$ cat coords-v5.txt   # compact mmCIF, C-alpha atoms
# COMPACT_ATOMS: atom_id res chain seq x y z
CA MET A 47 109.31 290.46 38.73
CA SER A 48 107.49 293.43 37.29
CA SER A 49 104.07 292.77 35.83
CA THR A 50 105.11 294.80 32.78
CA GLU A 51 107.67 292.94 30.70
CA PRO A 52 109.71 294.51 27.90
CA PRO A 53 108.99 293.23 24.41
CA GLY A 54 110.61 290.08 23.14
CA VAL A 55 111.22 288.28 26.43
CA ARG A 56 112.52 284.75 25.95
CA SER A 57 113.40 281.88 28.23
CA PRO A 58 116.84 282.05 29.88
CA SER A 59 117.35 278.38 29.00
CA GLU A 60 117.58 279.25 25.32
CA PRO A 61 121.17 279.33 24.03
CA SER A 62 122.43 282.83 23.35
CA SER A 63 125.37 284.24 21.44
CA ALA A 64 127.05 284.75 24.81
CA GLY A 65 127.60 280.98 24.90
CA GLY A 66 125.83 278.21 26.77
CA ALA A 67 122.83 278.53 29.03
CA ALA A 68 122.82 280.86 32.03
CA ARG A 69 122.44 279.38 35.52
CA PRO A 70 120.94 281.82 38.01
CA ALA A 71 121.80 281.82 41.70
CA ASP A 72 119.30 280.56 44.25
CA GLY A 73 116.20 282.75 44.28
CA GLU A 74 117.09 284.50 41.02
CA GLN A 75 115.68 284.29 37.53
CA LEU A 76 117.36 285.12 34.22
CA ARG A 77 115.66 286.18 31.05
CA THR A 78 116.53 287.84 27.78
CA ALA A 79 114.86 291.08 26.70
CA ARG A 80 114.92 291.86 22.99
CA LEU A 81 114.66 295.38 21.65
CA PRO A 82 115.25 296.47 18.05
CA GLY A 83 118.94 295.79 17.37
CA LEU A 84 119.59 294.95 21.02
CA GLU A 85 119.49 291.86 23.19
CA LEU A 86 119.92 292.15 26.96
CA ALA A 87 120.24 289.55 29.69
CA VAL A 88 118.22 290.58 32.75
CA ARG A 89 118.72 289.10 36.22
CA THR A 90 115.72 289.37 38.52
CA ARG A 91 114.86 288.41 42.07
CA PRO A 92 111.09 288.09 42.53
CA PRO A 93 110.04 290.60 45.20
CA ARG A 94 108.45 289.58 48.50
CA ARG A 95 105.40 291.73 47.67
CA THR A 96 103.78 292.92 44.46
CA ASP A 97 103.61 296.57 45.54
CA LEU A 98 107.36 297.17 45.91
CA PRO A 99 108.95 300.01 43.88
CA PRO A 100 111.12 299.04 40.89
CA ALA A 101 114.93 299.16 40.97
CA LEU A 102 117.57 298.69 38.28
CA PHE A 103 121.22 297.74 38.88
CA VAL A 104 124.04 298.53 36.41
CA HIS A 105 127.45 296.83 36.74
CA GLY A 106 130.95 298.09 36.05
CA LEU A 107 133.70 297.41 33.50
CA GLY A 108 134.40 293.69 33.20
CA GLY A 109 131.52 292.92 35.56
CA SER A 110 128.03 291.57 35.11
CA SER A 111 124.60 291.58 36.70
CA GLN A 112 125.90 288.87 39.02
CA ASN A 113 127.86 291.58 40.89
CA TRP A 114 124.55 292.73 42.39
CA SER A 115 123.22 289.36 43.57
CA GLU A 116 124.17 289.81 47.22
CA LEU A 117 122.67 293.29 47.45
CA MET A 118 119.53 292.31 45.55
CA ALA A 119 118.97 289.43 47.98
CA ARG A 120 119.09 291.84 50.92
CA LEU A 121 116.66 294.23 49.25
CA GLU A 122 114.09 291.68 48.06
CA ASP A 123 111.58 292.91 50.63
CA THR A 124 112.33 296.55 49.80
CA VAL A 125 112.41 296.84 45.97
CA ASP A 126 111.43 294.92 42.86
CA GLY A 127 114.96 294.55 41.54
CA GLU A 128 116.38 293.87 38.09
CA ALA A 129 120.03 293.90 37.03
CA LEU A 130 121.18 294.29 33.42
CA ASP A 131 124.11 292.75 31.64
CA LEU A 132 125.31 295.63 29.47
CA PRO A 133 125.96 294.73 25.80
CA GLY A 134 129.02 292.49 25.50
CA PHE A 135 129.14 291.71 29.23
CA GLY A 136 127.72 288.85 31.25
CA TRP A 137 125.19 287.00 29.13
CA SER A 138 124.37 289.89 26.78
CA PRO A 139 125.85 289.63 23.27
CA PRO A 140 127.74 292.59 21.79
CA SER A 141 125.84 295.52 20.39
CA ALA A 142 125.36 295.67 16.63
CA ASP A 143 127.03 299.08 16.37
CA ARG A 144 130.00 298.15 18.61
CA ASP A 145 129.56 301.43 20.45
CA TYR A 146 130.62 300.94 24.07
CA SER A 147 130.84 304.56 25.13
CA VAL A 148 129.31 305.79 28.37
CA THR A 149 126.70 307.61 26.30
CA ALA A 150 125.84 304.44 24.35
CA PHE A 151 125.45 302.43 27.55
CA ALA A 152 123.26 305.19 29.02
CA ARG A 153 121.14 305.02 25.88
CA VAL A 154 120.76 301.25 26.40
CA VAL A 155 119.53 301.75 29.96
CA ILE A 156 117.09 304.42 28.84
CA ARG A 157 115.77 302.28 25.99
CA TYR A 158 115.26 299.36 28.33
CA LEU A 159 113.41 301.42 30.93
CA ASP A 160 111.24 303.07 28.30
CA ALA A 161 110.35 299.69 26.78
CA ALA A 162 109.69 298.05 30.12
CA GLY A 163 107.63 300.95 31.46
CA ARG A 164 109.24 300.52 34.89
CA GLY A 165 110.36 304.08 35.49
CA PRO A 166 110.95 305.93 37.62
CA VAL A 167 113.26 303.38 39.25
CA HIS A 168 115.71 303.34 42.10
CA LEU A 169 118.86 303.28 39.96
CA PHE A 170 122.10 301.69 41.18
CA GLY A 171 125.48 301.86 39.44
CA ASN A 172 129.00 300.65 40.19
CA SER A 173 132.18 302.00 38.56
CA LEU A 174 131.44 302.31 34.82
CA GLY A 175 127.81 301.64 35.71
CA GLY A 176 128.02 304.61 38.08
CA ALA A 177 129.07 306.91 35.25
CA VAL A 178 126.32 305.47 33.05
CA SER A 179 123.71 305.91 35.79
CA THR A 180 124.84 309.50 36.41
CA ARG A 181 124.27 310.30 32.75
CA VAL A 182 120.86 308.61 32.75
CA ALA A 183 119.76 310.54 35.85
CA ALA A 184 120.95 313.83 34.35
CA VAL A 185 119.32 313.52 30.94
CA ARG A 186 116.17 311.60 31.93
CA PRO A 187 115.20 312.64 35.47
CA ASP A 188 111.73 311.21 34.86
CA LEU A 189 113.22 307.70 34.90
CA VAL A 190 115.11 307.94 38.21
CA ARG A 191 113.50 308.03 41.64
CA THR A 192 116.75 307.73 43.63
CA LEU A 193 120.35 307.21 42.60
CA THR A 194 122.87 304.98 44.43
CA LEU A 195 126.45 305.06 43.15
CA VAL A 196 129.14 302.67 44.37
CA SER A 197 132.64 303.90 43.44
CA PRO A 198 131.36 305.70 40.33
CA ALA A 199 133.87 306.16 37.52
CA LEU A 200 133.87 309.96 37.45
CA PRO A 201 136.85 311.87 36.02
CA GLU A 202 139.96 312.13 38.20
CA LEU A 203 142.92 314.41 37.53
CA ARG A 204 145.33 311.94 39.09
CA VAL A 205 144.40 308.35 38.27
CA GLN A 206 145.59 305.81 40.82
CA ARG A 207 148.61 303.79 39.71
CA SER A 208 146.72 300.51 40.12
CA ALA A 209 144.08 301.75 37.66
CA VAL A 210 146.60 302.52 34.90
CA PRO A 211 146.51 299.04 33.26
CA THR A 212 142.76 299.35 32.78
CA ALA A 213 143.14 302.78 31.22
CA LEU A 214 145.89 301.46 28.96
CA LEU A 215 143.40 299.08 27.35
CA ALA A 216 142.12 302.13 25.50
CA VAL A 217 145.45 302.45 23.66
CA PRO A 218 145.44 300.70 20.28
CA GLY A 219 147.39 297.42 20.35
CA VAL A 220 147.59 297.13 24.13
CA ALA A 221 144.76 294.59 24.39
CA GLY A 222 146.64 292.29 22.03
CA LEU A 223 149.77 292.71 24.12
CA PHE A 224 147.85 291.88 27.30
CA THR A 225 146.47 288.79 25.62
CA ARG A 226 149.94 287.56 24.68
CA LEU A 227 151.47 288.36 28.07
CA THR A 228 148.70 286.64 30.02
CA ARG A 229 148.09 283.69 27.71
CA GLY A 230 149.57 281.26 30.20
CA LEU A 231 147.39 282.33 33.14
CA THR A 232 144.63 280.00 34.25
CA ALA A 233 141.10 281.19 34.94
CA GLU A 234 141.78 280.72 38.65
CA GLN A 235 144.91 282.89 38.49
CA ARG A 236 143.06 285.58 36.56
CA THR A 237 140.21 285.52 39.06
CA ARG A 238 142.60 285.87 42.00
CA GLY A 239 144.13 288.91 40.31
CA VAL A 240 140.76 290.54 39.72
CA THR A 241 139.70 289.78 43.30
CA ALA A 242 142.88 291.31 44.71
CA LEU A 243 142.32 294.42 42.60
CA CYS A 244 138.62 294.90 43.35
CA TYR A 245 138.24 293.81 46.98
CA GLY A 246 139.56 295.65 49.99
CA ASP A 247 139.81 292.28 51.74
CA PRO A 248 139.87 289.34 49.29
CA SER A 249 139.38 286.90 52.18
CA ARG A 250 135.73 288.02 52.33
CA VAL A 251 135.07 286.07 49.13
CA THR A 252 133.56 282.70 50.04
CA PRO A 253 134.92 279.51 48.45
CA GLU A 254 131.59 279.06 46.67
CA GLY A 255 131.68 282.63 45.37
CA PHE A 256 135.24 282.23 44.16
CA ALA A 257 134.36 278.98 42.36
CA ARG A 258 131.48 280.71 40.56
CA ALA A 259 133.80 283.58 39.60
CA VAL A 260 136.36 281.15 38.15
CA GLU A 261 133.66 279.43 36.12
CA GLU A 262 132.46 282.79 34.83
CA MET A 263 136.03 283.83 33.97
CA GLU A 264 136.52 280.66 31.93
CA ARG A 265 133.34 281.34 29.98
CA ARG A 266 134.18 284.99 29.32
CA MET A 267 137.71 284.30 28.16
CA ALA A 268 136.34 281.86 25.59
CA LEU A 269 134.12 284.52 24.03
CA PRO A 270 135.55 285.78 20.72
CA TYR A 271 134.54 289.36 21.47
CA PHE A 272 135.83 289.57 25.07
CA TRP A 273 138.91 291.74 24.48
CA ASP A 274 137.22 293.89 21.84
CA VAL A 275 134.42 294.81 24.26
CA MET A 276 136.87 295.44 27.11
CA THR A 277 139.06 297.61 24.88
CA ARG A 278 136.22 299.68 23.48
CA SER A 279 134.58 300.07 26.89
CA SER A 280 137.88 301.24 28.42
CA ARG A 281 138.23 303.71 25.57
CA GLY A 282 134.68 304.88 26.27
CA ILE A 283 135.57 305.67 29.89
CA VAL A 284 138.70 307.57 28.85
CA ASP A 285 136.70 309.54 26.28
CA ALA A 286 134.06 310.38 28.90
CA TYR A 287 136.79 311.66 31.21
CA THR A 288 137.96 314.12 28.56
CA LEU A 289 134.52 315.53 27.72
CA GLY A 290 133.87 319.06 28.90
CA GLY A 291 130.93 321.42 28.87
CA GLN A 292 127.40 320.20 29.44
CA HIS A 293 128.34 316.63 28.46
CA GLY A 294 131.06 316.37 31.13
CA LEU A 295 130.23 313.87 33.85
CA TRP A 296 130.86 316.32 36.71
CA ARG A 297 128.59 318.87 35.05
CA GLN A 298 125.93 316.20 34.63
CA ALA A 299 126.34 315.18 38.28
CA GLN A 300 125.36 318.72 39.22
CA ARG A 301 122.19 318.38 37.15
CA VAL A 302 120.96 315.23 38.91
CA LEU A 303 117.72 315.93 40.76
CA ALA A 304 117.19 312.50 42.32
CA PRO A 305 118.16 311.94 45.98
CA THR A 306 121.60 310.35 45.79
CA LEU A 307 123.56 307.92 47.94
CA LEU A 308 127.32 307.80 47.30
CA VAL A 309 129.36 304.81 48.50
CA TYR A 310 133.17 304.85 48.51
CA GLY A 311 135.72 302.33 49.76
CA GLY A 312 138.87 303.35 51.60
CA ARG A 313 140.86 300.53 49.95
CA ASP A 314 139.55 301.13 46.43
CA GLN A 315 142.43 300.67 43.96
CA LEU A 316 140.48 301.86 40.91
CA VAL A 317 138.49 304.90 42.07
CA SER A 318 140.28 307.12 44.54
CA TYR A 319 138.78 307.47 48.01
CA ARG A 320 139.68 311.16 47.89
CA MET A 321 137.00 311.68 45.22
CA ALA A 322 134.24 311.00 47.76
CA HIS A 323 133.92 314.55 49.04
CA ARG A 324 134.10 316.07 45.57
CA ALA A 325 131.25 313.81 44.52
CA ALA A 326 129.25 314.69 47.64
CA ALA A 327 129.62 318.37 46.73
CA ALA A 328 128.64 317.78 43.09
CA PHE A 329 125.44 315.78 43.66
CA ARG A 330 123.06 318.22 45.35
CA GLY A 331 121.63 317.07 48.66
CA SER A 332 123.49 313.77 48.48
CA ARG A 333 124.48 311.55 51.38
CA LEU A 334 127.89 309.89 51.62
CA LEU A 335 128.75 306.44 52.95
CA CYS A 336 132.49 305.85 53.37
CA LEU A 337 133.64 302.30 54.17
CA PRO A 338 137.34 302.35 55.14
CA GLY A 339 137.81 298.60 54.68
CA ALA A 340 136.00 298.26 51.37
CA GLY A 341 137.50 298.16 47.90
CA HIS A 342 135.92 298.88 44.52
CA VAL A 343 132.82 296.70 44.95
CA ALA A 344 131.41 297.62 48.36
CA MET A 345 128.01 296.15 47.40
CA MET A 346 129.72 292.75 47.18
CA GLU A 347 131.96 293.11 50.23
CA TYR A 348 129.50 294.82 52.57
CA PRO A 349 126.05 294.26 51.04
CA GLU A 350 124.32 294.50 54.39
CA VAL A 351 125.78 297.96 55.06
CA VAL A 352 124.95 299.27 51.59
CA ALA A 353 121.44 297.80 51.85
CA ALA A 354 120.87 299.53 55.19
CA ALA A 355 122.07 302.87 53.81
CA PHE A 356 119.79 302.58 50.77
CA THR A 357 116.83 301.56 52.93
CA GLU A 358 117.38 304.70 55.00
CA LEU A 359 117.53 306.82 51.83
CA LEU A 360 114.32 305.20 50.59
CA ARG A 361 112.53 305.75 53.89
CA ASP A 362 113.57 309.39 54.08
CA THR A 363 112.68 310.02 50.43
CA GLU A 364 109.25 308.45 50.73
CA GLY A 365 108.67 310.28 53.99
CA ALA A 366 109.52 313.62 52.40
CA ALA A 367 107.28 312.86 49.42
CA GLY A 368 104.43 311.90 51.72
CA ALA A 369 104.81 315.07 53.76
CA ALA A 370 104.80 317.18 50.61
CA GLY A 371 101.65 315.43 49.42
CA ASN A 372 99.88 316.01 52.70
CA THR A 373 100.81 319.69 52.60
CA GLU A 374 99.39 320.06 49.11
CA ASP A 375 96.19 318.26 50.12
CA GLY A 376 95.82 320.60 53.07
CA ARG A 377 96.15 323.62 50.81
CA GLY A 378 93.49 322.20 48.51
$ encode --input "coords-v5.txt" --output "C-alpha cells"
Amino acid sequence: MSSTEPPGVRSPSEPSSAGGAARPADGEQLRTARLPGLELAVRTRPPRRTDLPPALFVHGLGGSSQNWSELMARLEDTVDGEALDLPGFGWSPPSADRDYSVTAFARVVIRYLDAAGRGPVHLFGNSLGGAVSTRVAAVRPDLVRTLTLVSPALPELRVQRSAVPTALLAVPGVAGLFTRLTRGLTAEQRTRGVTALCYGDPSRVTPEGFARAVEEMERRMALPYFWDVMTRSSRGIVDAYTLGGQHGLWRQAQRVLAPTLLVYGGRDQLVSYRMAHRAAAAFRGSRLLCLPGAGHVAMMEYPEVVAAAFTELLRDTEGAAGAAGNTEDGRG
C-alpha cells in the first residue's frame, strides 16, 4: 500500500451504505477513502517492495474492483496497485449528485489521485473504465505514466448486436422492463448470463470464482440503487459516444501522451474486435495486444498474458526514460 493515504480512510470492516462488510480475497486489503461528497471503496494488494511505482485500476460497467484481482496478483512485484470501485459499483455507495457520466467518473479518478498524491500512476481501464481512463490521460497527462486499456468503450458506428441490450438501458423505462422480465431469474442464472456475455470461454471461470460472482450478484441485486446506477451509467456511455469536437473520446485518444497498451479480445461481444486497429492508430505510439480467444475481460481470462505485455511496456518505458536522462546528464 502507498505510504501516502487519501484523507478520511476508514476500516473496511465498518458497514457501508453498499451493504454488509466487504471480504477481500487472499492477499488483498479493502478500505474506504472519503473525499468531500464522495466515498470510494479501494482494493489494494500490498506490494512486494516499497519502491514499486503506483498503479490504479478502473473497472467497467456493472463490474467492480474485484475484476482486477487476478491481474493485480500477477503484478504485485511490479507495481503498487490499487483498484477503485466507481460510485454506485462494488462497495462504493452512489454519488451525491447521481452523475454517472464518463466525465463525472473521470473527475472521480482525478480527485482521488490528487488527494492521494500517488500520481503519475500506471493507469488501467476496462470497458467503461477504459473510456474513463482515456479521458483522464487526455486532460491530466501529469497523472498518468502509462495507460493500459482492455476493450475500452470507445465510440463505434456499428454497435455489436450482443451489446444492444446494454445500450437500451439508457432508454427511459427500459430498466424497469428488464427488472420485470428478469424478476424470476436466480443470482446463479444471472451470473451465468453475464459470464457467457463477457468471457470468450466461460469454462475458464473456476468453480470458486463463479461462487464468489454469484454471491456478489446476490448482494448487488439487493441494493436499492442498482438499476438506477446501471441505467444512468449506460446513458453516460451513450452520451459520450455522441460527443464531438475536443470532448469526443477519439479526439481525446489522439491527445494522450502516455505510452499506451491496447488489449482486445477476438470473442468480445461488447466491444468489436475490429476497433483494435482504429484504436492503435488513434493512440500515438501505442502497442496492440490481440487475443483471439478472449472476450470482454481479457485481464480476467488471460491475466498472465496481459501482465507480461504490461511488464514489457513498463520495462521499455523505463528504459527509454533512463536513456533520455543519461543523454541530458551527458550534455550537462
$ residues_around --input "coords-v5.txt" --residues "Leu107 of chain A" --least-positions-apart "2" --cutoff "8 Å" --atoms "only C-alpha atoms" --output "list in words"
His105, Gly109, Ser173, Leu174, Gly175, Met276, Ser279 and Ser280 of chain A
$ residues_around --input "coords-v5.txt" --residues "Glu350 of chain A" --least-positions-apart "4" --cutoff "10 Å" --atoms "all atoms listed in the file" --output "PyMOL selection string"
chain A and resi 116-117+119-121+344-346+354-356
$ atom_distance --input "coords-v5.txt" --atom1 "atom CA of Thr96 of chain A" --atom2 "atom CA of Arg164 of chain A"
13.4 Å
$ residues_near_point --input "coords-v5.txt" --point "(110.3, 305.4, 36.6)" --cutoff "10 Å" --atoms "all atoms listed in the file" --output "list in words"
Pro99, Pro100, Ala101, Leu159, Asp160, Ala162, Gly163, Arg164, Gly165, Pro166, Val167, His168, Leu169, Arg186, Pro187, Asp188, Leu189, Val190, Arg191 and Thr192 of chain A
$ atom_distance --input "coords-v5.txt" --atom1 "atom CA of Arg91 of chain A" --atom2 "atom CA of Asn113 of chain A"
13.4 Å
$ atom_distance --input "coords-v5.txt" --atom1 "atom CA of Leu269 of chain A" --atom2 "atom CA of Val178 of chain A"
24.1 Å
$ closest_residue --input "coords-v5.txt" --among "A:Ser110, A:Thr288, A:Ser179, A:Thr237" --to "Leu195 of chain A" --atoms "all atoms listed in the file"
A:Ser179
$ residues_around --input "coords-v5.txt" --residues "Arg301 of chain A" --least-positions-apart "2" --cutoff "6 Å" --atoms "all atoms listed in the file" --output "number ranges by chain"
A: 184, 298-299
$ residues_near_point --input "coords-v5.txt" --point "(123.1, 305.4, 26.6)" --cutoff "10 Å" --atoms "only C-alpha atoms" --output "ChimeraX atom specification"
/A:145-157,178-179,181-182,185
$ residues_around --input "coords-v5.txt" --residues "segment 316-327 of chain A" --least-positions-apart "5" --cutoff "12 Å" --atoms "only C-alpha atoms" --output "PDB file with C-alpha atoms, in the frame of the given file"
ATOM      1  CA  GLY A 106     130.950 298.090  36.050  1.00  0.00           C
ATOM      2  CA  LEU A 107     133.700 297.410  33.500  1.00  0.00           C
ATOM      3  CA  ASN A 172     129.000 300.650  40.190  1.00  0.00           C
ATOM      4  CA  SER A 173     132.180 302.000  38.560  1.00  0.00           C
ATOM      5  CA  LEU A 174     131.440 302.310  34.820  1.00  0.00           C
ATOM      6  CA  GLY A 176     128.020 304.610  38.080  1.00  0.00           C
ATOM      7  CA  ALA A 177     129.070 306.910  35.250  1.00  0.00           C
ATOM      8  CA  THR A 180     124.840 309.500  36.410  1.00  0.00           C
ATOM      9  CA  LEU A 195     126.450 305.060  43.150  1.00  0.00           C
ATOM     10  CA  VAL A 196     129.140 302.670  44.370  1.00  0.00           C
ATOM     11  CA  SER A 197     132.640 303.900  43.440  1.00  0.00           C
ATOM     12  CA  PRO A 198     131.360 305.700  40.330  1.00  0.00           C
ATOM     13  CA  ALA A 199     133.870 306.160  37.520  1.00  0.00           C
ATOM     14  CA  LEU A 200     133.870 309.960  37.450  1.00  0.00           C
ATOM     15  CA  PRO A 201     136.850 311.870  36.020  1.00  0.00           C
ATOM     16  CA  GLU A 202     139.960 312.130  38.200  1.00  0.00           C
ATOM     17  CA  LEU A 203     142.920 314.410  37.530  1.00  0.00           C
ATOM     18  CA  ARG A 204     145.330 311.940  39.090  1.00  0.00           C
ATOM     19  CA  VAL A 205     144.400 308.350  38.270  1.00  0.00           C
ATOM     20  CA  GLN A 206     145.590 305.810  40.820  1.00  0.00           C
ATOM     21  CA  ARG A 207     148.610 303.790  39.710  1.00  0.00           C
ATOM     22  CA  SER A 208     146.720 300.510  40.120  1.00  0.00           C
ATOM     23  CA  ALA A 209     144.080 301.750  37.660  1.00  0.00           C
ATOM     24  CA  VAL A 210     146.600 302.520  34.900  1.00  0.00           C
ATOM     25  CA  PRO A 211     146.510 299.040  33.260  1.00  0.00           C
ATOM     26  CA  THR A 212     142.760 299.350  32.780  1.00  0.00           C
ATOM     27  CA  ALA A 213     143.140 302.780  31.220  1.00  0.00           C
ATOM     28  CA  VAL A 240     140.760 290.540  39.720  1.00  0.00           C
ATOM     29  CA  ALA A 242     142.880 291.310  44.710  1.00  0.00           C
ATOM     30  CA  LEU A 243     142.320 294.420  42.600  1.00  0.00           C
ATOM     31  CA  CYS A 244     138.620 294.900  43.350  1.00  0.00           C
ATOM     32  CA  TYR A 245     138.240 293.810  46.980  1.00  0.00           C
ATOM     33  CA  GLY A 246     139.560 295.650  49.990  1.00  0.00           C
ATOM     34  CA  LEU A 295     130.230 313.870  33.850  1.00  0.00           C
ATOM     35  CA  TRP A 296     130.860 316.320  36.710  1.00  0.00           C
ATOM     36  CA  ARG A 297     128.590 318.870  35.050  1.00  0.00           C
ATOM     37  CA  GLN A 298     125.930 316.200  34.630  1.00  0.00           C
ATOM     38  CA  ALA A 299     126.340 315.180  38.280  1.00  0.00           C
ATOM     39  CA  GLN A 300     125.360 318.720  39.220  1.00  0.00           C
ATOM     40  CA  VAL A 302     120.960 315.230  38.910  1.00  0.00           C
ATOM     41  CA  PRO A 305     118.160 311.940  45.980  1.00  0.00           C
ATOM     42  CA  THR A 306     121.600 310.350  45.790  1.00  0.00           C
ATOM     43  CA  LEU A 307     123.560 307.920  47.940  1.00  0.00           C
ATOM     44  CA  LEU A 308     127.320 307.800  47.300  1.00  0.00           C
ATOM     45  CA  VAL A 309     129.360 304.810  48.500  1.00  0.00           C
ATOM     46  CA  TYR A 310     133.170 304.850  48.510  1.00  0.00           C
ATOM     47  CA  GLY A 311     135.720 302.330  49.760  1.00  0.00           C
ATOM     48  CA  SER A 332     123.490 313.770  48.480  1.00  0.00           C
ATOM     49  CA  ARG A 333     124.480 311.550  51.380  1.00  0.00           C
ATOM     50  CA  LEU A 334     127.890 309.890  51.620  1.00  0.00           C
ATOM     51  CA  LEU A 335     128.750 306.440  52.950  1.00  0.00           C
ATOM     52  CA  CYS A 336     132.490 305.850  53.370  1.00  0.00           C
ATOM     53  CA  LEU A 337     133.640 302.300  54.170  1.00  0.00           C
ATOM     54  CA  PRO A 338     137.340 302.350  55.140  1.00  0.00           C
ATOM     55  CA  GLY A 339     137.810 298.600  54.680  1.00  0.00           C
ATOM     56  CA  ALA A 340     136.000 298.260  51.370  1.00  0.00           C
ATOM     57  CA  GLY A 341     137.500 298.160  47.900  1.00  0.00           C
ATOM     58  CA  HIS A 342     135.920 298.880  44.520  1.00  0.00           C
ATOM     59  CA  VAL A 343     132.820 296.700  44.950  1.00  0.00           C
ATOM     60  CA  ALA A 344     131.410 297.620  48.360  1.00  0.00           C
TER      61      ALA A 344
END
$ build_atoms --input "coords-v5.txt" --residues "segment 77-84 of chain A" --atoms "all heavy atoms" --output "compact mmCIF listing (two decimals), in the frame of the given file"
# COMPACT_ATOMS: atom_id res chain seq x y z
N ARG A 77 116.42 286.14 32.28
CA ARG A 77 115.66 286.18 31.05
C ARG A 77 116.38 287.07 30.06
O ARG A 77 117.31 287.81 30.41
CB ARG A 77 114.23 286.69 31.29
CG ARG A 77 114.15 288.08 31.87
CD ARG A 77 112.70 288.47 32.15
NE ARG A 77 112.60 289.73 32.85
CZ ARG A 77 112.69 290.91 32.27
NH1 ARG A 77 112.89 290.99 30.97
NH2 ARG A 77 112.59 292.02 32.98
N THR A 78 115.95 287.01 28.82
CA THR A 78 116.53 287.84 27.78
C THR A 78 115.47 288.78 27.24
O THR A 78 114.37 288.35 26.87
CB THR A 78 117.09 286.99 26.63
OG1 THR A 78 118.09 286.12 27.15
CG2 THR A 78 117.71 287.87 25.55
N ALA A 79 115.77 290.06 27.23
CA ALA A 79 114.86 291.08 26.70
C ALA A 79 115.39 291.52 25.34
O ALA A 79 116.56 291.89 25.21
CB ALA A 79 114.79 292.27 27.64
N ARG A 80 114.54 291.46 24.34
CA ARG A 80 114.92 291.86 22.99
C ARG A 80 114.27 293.18 22.63
O ARG A 80 113.06 293.35 22.74
CB ARG A 80 114.48 290.79 21.99
CG ARG A 80 115.35 289.55 22.00
CD ARG A 80 114.80 288.53 21.04
NE ARG A 80 115.70 287.41 20.85
CZ ARG A 80 115.36 286.29 20.24
NH1 ARG A 80 114.15 286.15 19.74
NH2 ARG A 80 116.24 285.30 20.11
N LEU A 81 115.10 294.10 22.20
CA LEU A 81 114.66 295.38 21.65
C LEU A 81 115.22 295.46 20.24
O LEU A 81 116.13 294.71 19.89
CB LEU A 81 115.18 296.53 22.51
CG LEU A 81 114.75 296.53 23.98
CD1 LEU A 81 115.49 297.62 24.76
CD2 LEU A 81 113.26 296.71 24.10
N PRO A 82 114.71 296.36 19.41
CA PRO A 82 115.25 296.47 18.05
C PRO A 82 116.76 296.66 18.04
O PRO A 82 117.27 297.64 18.60
CB PRO A 82 114.51 297.70 17.49
CG PRO A 82 113.21 297.71 18.23
CD PRO A 82 113.56 297.26 19.62
N GLY A 83 117.49 295.70 17.47
CA GLY A 83 118.94 295.79 17.37
C GLY A 83 119.67 295.58 18.68
O GLY A 83 120.87 295.86 18.77
N LEU A 84 118.98 295.06 19.69
CA LEU A 84 119.59 294.95 21.02
C LEU A 84 119.01 293.75 21.75
O LEU A 84 117.81 293.50 21.72
CB LEU A 84 119.31 296.22 21.82
CG LEU A 84 119.94 296.36 23.20
CD1 LEU A 84 121.45 296.41 23.10
CD2 LEU A 84 119.40 297.61 23.90
